[in-house]
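A short worksheet on the structure shown next.
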Amino acid sequence: PFRKATGNPHVHYLPHGYVDGFARVRHKTETHKDIDAIFTGTLTRHRHALIRQLEQRGIHVVATKPVNFVQREDLVARSKIGLNIKQTNNWLYPSNSRYHFHLSNDSVLVSEHCDTKCDLSPYVVEADAGRFADRCHELLSNGTWHREGPARRERFMEEMPMTRLMEQLLDATYRPI
């Protein structure tokens, strides 16, 4: 869309690829993870409603407005899963940056299904709003949450290394038209 809007054929998308050394979260051991699910961001009515559904399922959720990186890293280190909840019921877009942060930090992310996909969508757990609380509960109760984060990061690291993506972007940018 930006290429079309600007009329510039050299406008390209900068992907969120895997970057060595980007991970900053030092996860607590399973026995010291005192938060089931973490959400940081603007707390809209829609987000509050889904968080209440999680809490009604017995899931301990910490939901907070945006915090500084030290606080966010601590909350993620203490959490079993991360949450990506749309701003409104009809919100179309996933949060690439939220996806990237959780993927890079071995934190399994459960995302409410968005009609528009991004290049990181295959690496997160998606669920429709009606199944969101169930999907979170399943991950937490069956114990797979602790394997999912590292397994998804490994796949992301293998399939989307930023060095290769940058080479492709630079080649496309400087290719004659």
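Within each chain, counting starts at residue 1; across the structure tokens, chains are named A, B, ... in the order shown, with ligands numbered 1 upward in that order.
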
Check your understanding: Do you know which residues are at most 8 Å from segment 35-41 of chain A counting only C-alpha atoms, after dropping those on the same chain fewer than 6 positions away, and could you put them as a PyMOL selection string?
Key -> chain A and resi 59-67+72+75-76+78-84+140

Exercise for review: From the DSSP assignment of the backbone, select every residue of segment 19-177 of chain A that is alpha helix (DSSP H), and format the answer as a PyMOL selection string.
Suggested key: chain A and resi 45-56+69-77+96-104+129-141+145-159+162-174

**Study point:** Neighbour list for segment 141-156 of chain A as number ranges by chain, cut-off 10 Å, only C-alpha atoms, skip fewer than 6 positions in-chain
**Key:** A: 17-18, 29-30, 36, 59, 80-82, 100, 102-109, 120, 122-125, 135

What would the file look like if the residues just selected were written as an mmCIF file, in the first residue's frame with N, CA, C and O atoms?
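Full text of part07.cif as output:
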data_model
loop_
_atom_site.group_PDB
_atom_site.id
_atom_site.type_symbol
_atom_site.label_atom_id
_atom_site.label_comp_id
_atom_site.auth_asym_id
_atom_site.auth_seq_id
_atom_site.Cartn_x
_atom_site.Cartn_y
_atom_site.Cartn_z
ATOM 1 N N GLY A 17 12.377 -9.875 11.751
ATOM 2 C CA GLY A 17 13.080 -11.148 11.714
ATOM 3 C C GLY A 17 13.769 -11.447 13.031
ATOM 4 O O GLY A 17 13.839 -10.618 13.935
ATOM 5 N N TYR A 18 14.323 -12.661 13.105
ATOM 6 C CA TYR A 18 15.054 -13.065 14.304
ATOM 7 C C TYR A 18 16.409 -12.373 14.319
ATOM 8 O O TYR A 18 17.163 -12.410 13.339
ATOM 9 N N THR A 29 12.223 -19.991 36.932
ATOM 10 C CA THR A 29 11.928 -21.418 36.834
ATOM 11 C C THR A 29 10.417 -21.606 36.917
ATOM 12 O O THR A 29 9.698 -20.720 37.396
ATOM 13 N N GLU A 30 9.951 -22.755 36.465
ATOM 14 C CA GLU A 30 8.494 -23.013 36.463
ATOM 15 C C GLU A 30 7.876 -22.785 37.834
ATOM 16 O O GLU A 30 6.788 -22.239 37.942
ATOM 17 N N ASP A 36 0.071 -16.391 35.506
ATOM 18 C CA ASP A 36 -0.307 -17.299 34.420
ATOM 19 C C ASP A 36 -0.205 -16.611 33.064
ATOM 20 O O ASP A 36 0.316 -17.187 32.105
ATOM 21 N N ILE A 59 -7.605 -18.247 35.726
ATOM 22 C CA ILE A 59 -6.280 -17.879 35.229
ATOM 23 C C ILE A 59 -5.867 -16.559 35.878
ATOM 24 O O ILE A 59 -6.600 -15.576 35.840
ATOM 25 N N LYS A 80 3.677 -17.385 32.492
ATOM 26 C CA LYS A 80 3.692 -18.621 31.717
ATOM 27 C C LYS A 80 3.366 -18.357 30.251
ATOM 28 O O LYS A 80 3.964 -18.971 29.370
ATOM 29 N N ILE A 81 2.416 -17.463 29.986
ATOM 30 C CA ILE A 81 2.060 -17.125 28.607
ATOM 31 C C ILE A 81 1.875 -15.620 28.474
ATOM 32 O O ILE A 81 1.571 -14.933 29.440
ATOM 33 N N GLY A 82 2.044 -15.132 27.250
ATOM 34 C CA GLY A 82 1.759 -13.745 26.922
ATOM 35 C C GLY A 82 0.453 -13.680 26.148
ATOM 36 O O GLY A 82 0.025 -14.664 25.543
ATOM 37 N N HIS A 100 6.896 -10.145 17.920
ATOM 38 C CA HIS A 100 8.354 -10.243 17.828
ATOM 39 C C HIS A 100 8.995 -10.307 19.215
ATOM 40 O O HIS A 100 9.886 -11.119 19.455
ATOM 41 N N HIS A 102 7.722 -11.336 22.135
ATOM 42 C CA HIS A 102 7.476 -12.609 22.808
ATOM 43 C C HIS A 102 8.199 -13.760 22.120
ATOM 44 O O HIS A 102 8.791 -14.608 22.787
ATOM 45 N N LEU A 103 8.186 -13.793 20.798
ATOM 46 C CA LEU A 103 8.902 -14.842 20.070
ATOM 47 C C LEU A 103 10.388 -14.821 20.386
ATOM 48 O O LEU A 103 10.994 -15.867 20.633
ATOM 49 N N SER A 104 10.969 -13.655 20.367
ATOM 50 C CA SER A 104 12.409 -13.522 20.602
ATOM 51 C C SER A 104 12.802 -13.880 22.020
ATOM 52 O O SER A 104 13.964 -14.204 22.283
ATOM 53 N N ASN A 105 11.839 -13.833 22.934
ATOM 54 C CA ASN A 105 12.136 -14.063 24.349
ATOM 55 C C ASN A 105 11.559 -15.373 24.882
ATOM 56 O O ASN A 105 11.328 -15.500 26.090
ATOM 57 N N ASP A 106 11.354 -16.358 24.014
ATOM 58 C CA ASP A 106 10.889 -17.692 24.427
ATOM 59 C C ASP A 106 9.592 -17.658 25.216
ATOM 60 O O ASP A 106 9.365 -18.494 26.092
ATOM 61 N N SER A 107 8.740 -16.706 24.921
ATOM 62 C CA SER A 107 7.472 -16.566 25.622
ATOM 63 C C SER A 107 6.354 -16.928 24.658
ATOM 64 O O SER A 107 6.165 -16.253 23.645
ATOM 65 N N VAL A 108 5.631 -18.012 24.962
ATOM 66 C CA VAL A 108 4.536 -18.395 24.068
ATOM 67 C C VAL A 108 3.472 -17.303 24.123
ATOM 68 O O VAL A 108 3.123 -16.813 25.193
ATOM 69 N N LEU A 109 3.019 -16.888 22.942
ATOM 70 C CA LEU A 109 2.036 -15.819 22.853
ATOM 71 C C LEU A 109 0.733 -16.381 22.313
ATOM 72 O O LEU A 109 0.718 -17.031 21.271
ATOM 73 N N LEU A 120 4.566 -12.903 11.144
ATOM 74 C CA LEU A 120 4.853 -13.642 12.381
ATOM 75 C C LEU A 120 3.666 -14.469 12.868
ATOM 76 O O LEU A 120 3.796 -15.237 13.821
ATOM 77 N N PRO A 122 2.310 -17.235 11.855
ATOM 78 C CA PRO A 122 2.488 -18.688 11.984
ATOM 79 C C PRO A 122 3.216 -19.130 13.256
ATOM 80 O O PRO A 122 3.217 -20.308 13.590
ATOM 81 N N TYR A 123 3.818 -18.195 13.964
ATOM 82 C CA TYR A 123 4.627 -18.550 15.127
ATOM 83 C C TYR A 123 3.925 -18.347 16.468
ATOM 84 O O TYR A 123 4.511 -18.579 17.511
ATOM 85 N N VAL A 124 2.696 -17.868 16.439
ATOM 86 C CA VAL A 124 1.955 -17.663 17.683
ATOM 87 C C VAL A 124 0.731 -18.572 17.705
ATOM 88 O O VAL A 124 0.324 -19.108 16.679
ATOM 89 N N VAL A 125 0.164 -18.757 18.879
ATOM 90 C CA VAL A 125 -1.063 -19.534 19.039
ATOM 91 C C VAL A 125 -2.218 -18.570 18.816
ATOM 92 O O VAL A 125 -2.283 -17.534 19.475
ATOM 93 N N ARG A 135 -8.461 -21.677 24.963
ATOM 94 C CA ARG A 135 -7.127 -21.984 24.419
ATOM 95 C C ARG A 135 -6.046 -21.660 25.442
ATOM 96 O O ARG A 135 -5.091 -22.424 25.612
#

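Distance check against Thr42 of chain A using only C-alpha atoms: of A:His12, A:His27, A:Lys86, A:Arg3, the minimum falls on A:Lys86.
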
Check your understanding: Expressed in Å to a single decimal, how great is the separation between atom CA of Phe101 of chain A and atom CA of Ala23 of chain A?
Key ->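 Going from atom CA of Phe101 of chain A over to atom CA of Ala23 of chain A covers 7.9 Å.
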
Review point. Which residue out of A:Thr44, A:Met160, A:Thr173, A:Gln53 has the minimum interatomic distance to Arg131 of chain A when only C-alpha atoms are used?
Key: A:Gln53

Practice item. Write out as an MDAnalysis selection string each polymer residue whose atoms come within 10 Å of segment 113-119 of chain A, counting only C-alpha atoms; drop sequence neighbours fewer than 4 positions from it. Key: chainID A and resid 15:17 84:86 89:96 99 123 125:129 131:132 160

Just to be explicit: take each residue in the selection above, keep C-alpha atoms, and write the result as a tab-separated table (two decimals), in the first residue's frame.
chain	number	residue	atom	x	y	z
A	15	PRO	CA	10.11	-7.57	8.38
A	16	HIS	CA	10.44	-8.43	12.05
A	17	GLY	CA	13.08	-11.15	11.71
A	84	ASN	CA	-2.21	-10.41	22.32
A	85	ILE	CA	-5.77	-9.07	22.52
A	86	LYS	CA	-7.28	-6.88	19.82
A	89	ASN	CA	-13.85	-6.63	18.65
A	90	ASN	CA	-13.53	-5.65	14.99
A	91	TRP	CA	-9.82	-4.72	15.07
A	92	LEU	CA	-8.14	-6.13	11.96
A	93	TYR	CA	-4.43	-6.11	12.71
A	94	PRO	CA	-2.09	-8.18	14.87
A	95	SER	CA	0.69	-6.46	16.79
A	96	ASN	CA	3.91	-7.37	14.94
A	99	TYR	CA	4.66	-10.92	18.44
A	123	TYR	CA	4.63	-18.55	15.13
A	125	VAL	CA	-1.06	-19.53	19.04
A	126	GLU	CA	-4.25	-18.02	17.62
A	127	ALA	CA	-7.82	-18.36	18.88
A	128	ASP	CA	-11.11	-16.67	18.09
A	129	ALA	CA	-12.51	-14.47	20.87
A	131	ARG	CA	-12.29	-19.76	22.26
A	132	PHE	CA	-9.58	-17.43	23.58
A	160	MET	CA	13.27	-15.86	9.53

Review point. Which residue out of A:Ser121, A:Asp74, A:Met166, A:Leu54 has the minimum interatomic distance to His32 of chain A when only C-alpha atoms are used?
Key: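 With only C-alpha atoms as the atom set, the closest residue is A:Asp74.
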
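Within segment 17-53 of chain A, residues classed as strand (DSSP E) by DSSP on backbone coordinates are Ile35, Asp36, Ala37, Ile38, Phe39 and Thr40 of chain A.
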
Keeping only N, CA and C atoms, take the residues you just selected and write them out as a CSV table (one decimal), in the first residue's frame.
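The result, written out as again-v4.csv:
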chain,number,residue,atom,x,y,z
A,35,ILE,N,2.7,-15.7,37.7
A,35,ILE,CA,1.7,-15.1,36.8
A,35,ILE,C,1.4,-16.1,35.7
A,36,ASP,N,0.1,-16.4,35.5
A,36,ASP,CA,-0.3,-17.3,34.4
A,36,ASP,C,-0.2,-16.6,33.1
A,37,ALA,N,-0.7,-15.4,33.0
A,37,ALA,CA,-0.8,-14.7,31.7
A,37,ALA,C,-0.5,-13.2,31.9
A,38,ILE,N,0.2,-12.6,30.9
A,38,ILE,CA,0.6,-11.2,31.0
A,38,ILE,C,0.1,-10.5,29.8
A,39,PHE,N,-0.5,-9.3,30.0
A,39,PHE,CA,-0.9,-8.4,28.9
A,39,PHE,C,-0.4,-7.0,29.3
A,40,THR,N,0.4,-6.4,28.4
A,40,THR,CA,0.7,-5.0,28.7
A,40,THR,C,0.3,-4.2,27.4

Practice item. Would you mind reading off the distance between atom CA of Tyr13 of chain A and atom CA of Pro1 of chain A, one decimal, in Å? Key: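 We find that atom CA of Tyr13 of chain A and atom CA of Pro1 of chain A lie 10.1 Å from each other.
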
All residues 8 Å or closer to Val19 of chain A, only C-alpha atoms, same chain fewer than 6 positions away omitted, as a PDB file with C-alpha atoms, in the first residue's frame:
ATOM      1  CA  SER A 104      12.409 -13.522  20.602  1.00  0.00           C
ATOM      2  CA  MET A 157      15.076 -18.303  14.289  1.00  0.00           C
ATOM      3  CA  PRO A 161      16.850 -14.837  10.358  1.00  0.00           C
ATOM      4  CA  MET A 162      17.143 -11.074  10.040  1.00  0.00           C
ATOM      5  CA  THR A 163      20.470 -11.284   8.186  1.00  0.00           C
TER       6      THR A 163
END
